[in-house]
Protein chains: 2
Amino acid sequence: MYYGAIEAGGTKMNCAICNEKGEILQTVRIPTENPKETMEKIVGFYEDYSLAALGVGSFGPINLQRGTPDYGRILHTPKVKWEGFSIYEYLVEHLGCRVVVDTDVNAAALAEYLYGALQGVDNCMYVTVGTGIGAGIILNGQLHHGMLHPEAGHILIGKNPKDLVKCFCPFHESCLEGLAAGPAIEARAGRPGSELSQEDPIWDLESDYLAQALVNYTLILGVERIVLGGGVMEQKHLFPKIRAAYRKRMGGYMDTSQLRNLDTYIVPPALGGMQGIKGALALVLPK
Amino acid sequence: MYYGAIEAGGTKMNCAICNEKGEILQTVRIPTENPKETMEKIVGFYEDYSLAALGVGSFGPINLQRGTPDYGRILHTPKVKWEGFSIYEYLVEHLGCRVVVDTDVNAAALAEYLYGALQGVDNCMYVTVGTGIGAGIILNGQLHHGMLHPEAGHILIGKNPKDLVKCFCPFHESCLEGLAAGPAIEARAGRPGSELSQEDPIWDLESDYLAQALVNYTLILGVERIVLGGGVMEQKHLFPKIRAAYRKRMGGYMDTSQLRNLDTYIVPPALGGMQGIKGALALVLPK
């Protein structure tokens with residue numbers, strides 16, 4: 001019995017084939033071009049296997065209302081060629097197997113929940129901080145969707161008056177992604193964040209912006225642990241800085257056992273870049 | 001068969017006795033003093049009835065983890081006499097019936113969901129804006145708790161640089177309750193908000209602060225409708241102002257059918273001040 005998993009990103013599609021134990025047998029990376037070309041290659045990769053089911057963790061925004069005709073359809077997006085394209089419909093038609101679609105970050109959250117840093121934590125989230133910022137949310141042990149899917153990377157935060165770089169988000173004057181994702185760091189520094197020293201004050205600003213968002217996630221969702229992943233978070237020195245900023249911003253307001261130790265509250269991922277594909281697989285693997 | 005409902009507030013306890021249809025037969029209002037005096041009066045009100053069950057919507061913070069020894073116990077609070085007191089334990093001991101405890105705002109959210117402005121909306125919330133700000137949240141048709149209960153009234157928001165009044169919250173430099181609850185409005189105006197004209201620019205500031213929070217609730221939770229209640233929201237002219245500020249702050253980013261009509265997205269309550277008691281009752285009434 002074979003299962004498929006696709007991590008569908010804006011620049012590449014990571015595809016895997018696994019057995020029913022979730023062991024990865026084969027992988028391929030396909031560049032994200034037009035839907036037609038890209039999907040033909042994906043189907044080509046899978047068609048020699050008779051898949052029992054295929055899980056997809058996709059970029060968004062994407063319709064996730066199961067049982068509606070638009071389930072798995074990409075919505076209004078800057079990736080114009082993909083707008084209106086139904087990943088779900090295409091894969092069901094061409095592979096004839098069960099297909100389950102969720103967001104890339106929800107898949108990552110699920111993988112960390114089942115196999116990684118969020119195990120046993122029934123209210124939790126995975127936040128990726130890279131060229132964009134996104135979040136997957138698990139509440140009461142289930143992936144949360146709401147009316148679409150969480151867009152928590154774009155929450156409004158207070159801009160530091162000393163920060164002269166304009167918010168990068170074309171929609172918001174002052175949102176997390178626009179102020180704290182890679183491009184904003186690079187604009188402040190004049191070079192990529194990876195080239196900055198650990199002592200650069202840009203990291204204090206970055207940590208405060210992230211802390212503002214994390215405090216709001218805690219206050220609204222009551223999450224018991226937050227994983228921070230993505231390219232920017234490869235700067236491991238950020239973790240203590242973010243925890244300190246979080247403590248200051250929370251001001252002791254919410255007092256729970258989980259919050260008393262921020263070292264176990266705000267943590268790095270445990271799956272070393274495999275969250276996306278393992279999570280996509282977990283969407284369809286037998287429990 | 002009789003059911004009891006208590007809306008437990010910081011200044012008064014609204015108590016009701018109902019039949020199994022939820023029809024209120026008798027009510028009493030008991031001032032909130034010491035736990036001992038207050039609870040004795042409450043038990044006195046109920047003890048002639050053999051209650052099948054009693055629902056409580058309480059001020060917080062309060063432990064809501066069912067099955068733990070601290071379920072229904074008031075946590076660290078400025079109401080020092082109540083800190084550490086277990087409403088649940090006292091009522092079970094003295095009335096011998098099933099007791100279910102939740103927050104006052106979760107009870108209000110539940111009532112609006114079952115009988116009011118949130119009917120049929122499975123992801124929704126009730127926000128009260130008065131001397132404080134609190135929120136009850138329903139996700140997938142169930143009250144949400146997380147590790148404690150939502151404290152969404154205290155989320156951090158960006159302070160308008162022209163706003164010279166200090167944030168009233170003793171914990172946060174710039175949070176919703178501290179900037180947008182009644183005391184902040186009164187401090188800006190030098191008199192209660194109820195005495196201000198509808199054209200006062202204070203209402204634009206108020207609407208923007210509330211809109212910032214509502215946008216974040218939408219982006220994080222994916223709620224499909226938000227009820228705004230409480231004393232401040234008796235100023236009905238605020239609704240169009242908040243909707244306009246919300247539209248501006250969201251910047252067209254999230255595009256769902258629900259958000260296309262903000263007149264049905266941000267709405268007043270439908271239960272005319274009876275949310276709290278009806279919701280407390282709904283915690284225990286047979287479905």
# chains A, B, ... in the order shown; residues from 1 in each chain; ligands from 1
>>> select_by_dssp(residues="range 55-87 of chain A", states="strand (DSSP E)", output="ChimeraX atom specification")
/A:55-58
>>> interface_residues(of="chain B", to="chain A", cutoff="8 Å", atoms="only C-alpha atoms", output="MDAnalysis selection string")
chainID B and resid 76 123 139:140 145:152 154:159 171:173 212 215:217 219:224 249:253 255:256
>>> closest_residue(among="A:Lys36, A:Arg260, A:Lys81, A:Lys41", to="Cys15 in chain A", atoms="only C-alpha atoms")
A:Lys41
>>> closest_residue(among="B:Phe239, B:Tyr113, B:Phe168, B:Tyr126", to="Gln142 in chain B", atoms="only C-alpha atoms")
B:Tyr113
>>> residues_around(residues="Gly44 in chain B", least_positions_apart="6", cutoff="12 Å", atoms="only C-alpha atoms", output="list in words")
Cys15, Val28, Ile30, Glu37, Thr38, Leu91, His94 and Leu95 of chain B
>>> closest_residue(among="B:Ala189, B:Met233, B:Val101, B:Leu143", to="Leu114 in chain B", atoms="only C-alpha atoms")
B:Leu143
>>> residues_around(residues="range 267-271 of chain B", least_positions_apart="6", cutoff="9 Å", atoms="only C-alpha atoms", output="PyMOL selection string")
chain B and resi 111-112+115-118+126+225-229+233-234+236+239+278
>>> residues_around(residues="range 52-57 of chain B", least_positions_apart="5", cutoff="8 Å", atoms="only C-alpha atoms", output="ChimeraX atom specification")
/B:1-8,97-107,276-277,279-285
>>> write_last_selection(atoms="C-alpha atoms", output="PDB file, in the first residue's frame")
ATOM      1  CA  MET B   1     -37.205  19.639  37.039  1.00  0.00           C
ATOM      2  CA  TYR B   2     -35.412  22.889  37.906  1.00  0.00           C
ATOM      3  CA  TYR B   3     -32.180  24.336  36.574  1.00  0.00           C
ATOM      4  CA  GLY B   4     -30.111  27.154  38.006  1.00  0.00           C
ATOM      5  CA  ALA B   5     -28.001  29.813  36.283  1.00  0.00           C
ATOM      6  CA  ILE B   6     -25.568  32.277  37.810  1.00  0.00           C
ATOM      7  CA  GLU B   7     -23.971  35.222  36.037  1.00  0.00           C
ATOM      8  CA  ALA B   8     -21.097  35.846  38.456  1.00  0.00           C
ATOM      9  CA  CYS B  97     -26.200  19.021  42.050  1.00  0.00           C
ATOM     10  CA  ARG B  98     -24.183  18.924  38.846  1.00  0.00           C
ATOM     11  CA  VAL B  99     -22.361  22.228  38.342  1.00  0.00           C
ATOM     12  CA  VAL B 100     -20.775  23.484  35.111  1.00  0.00           C
ATOM     13  CA  VAL B 101     -18.595  26.581  35.138  1.00  0.00           C
ATOM     14  CA  ASP B 102     -17.365  28.719  32.261  1.00  0.00           C
ATOM     15  CA  THR B 103     -16.433  32.367  31.822  1.00  0.00           C
ATOM     16  CA  ASP B 104     -19.096  35.086  31.739  1.00  0.00           C
ATOM     17  CA  VAL B 105     -18.159  35.951  28.150  1.00  0.00           C
ATOM     18  CA  ASN B 106     -18.117  32.346  26.988  1.00  0.00           C
ATOM     19  CA  ALA B 107     -21.622  32.004  28.458  1.00  0.00           C
ATOM     20  CA  GLY B 276     -25.085  36.000  30.459  1.00  0.00           C
ATOM     21  CA  ILE B 277     -27.869  34.278  32.325  1.00  0.00           C
ATOM     22  CA  GLY B 279     -25.729  31.215  28.450  1.00  0.00           C
ATOM     23  CA  ALA B 280     -25.069  30.029  32.009  1.00  0.00           C
ATOM     24  CA  LEU B 281     -28.305  28.091  31.809  1.00  0.00           C
ATOM     25  CA  ALA B 282     -27.388  26.668  28.403  1.00  0.00           C
ATOM     26  CA  LEU B 283     -24.261  25.171  29.970  1.00  0.00           C
ATOM     27  CA  VAL B 284     -26.497  22.686  31.822  1.00  0.00           C
ATOM     28  CA  LEU B 285     -29.876  22.535  30.065  1.00  0.00           C
TER      29      LEU B 285
END
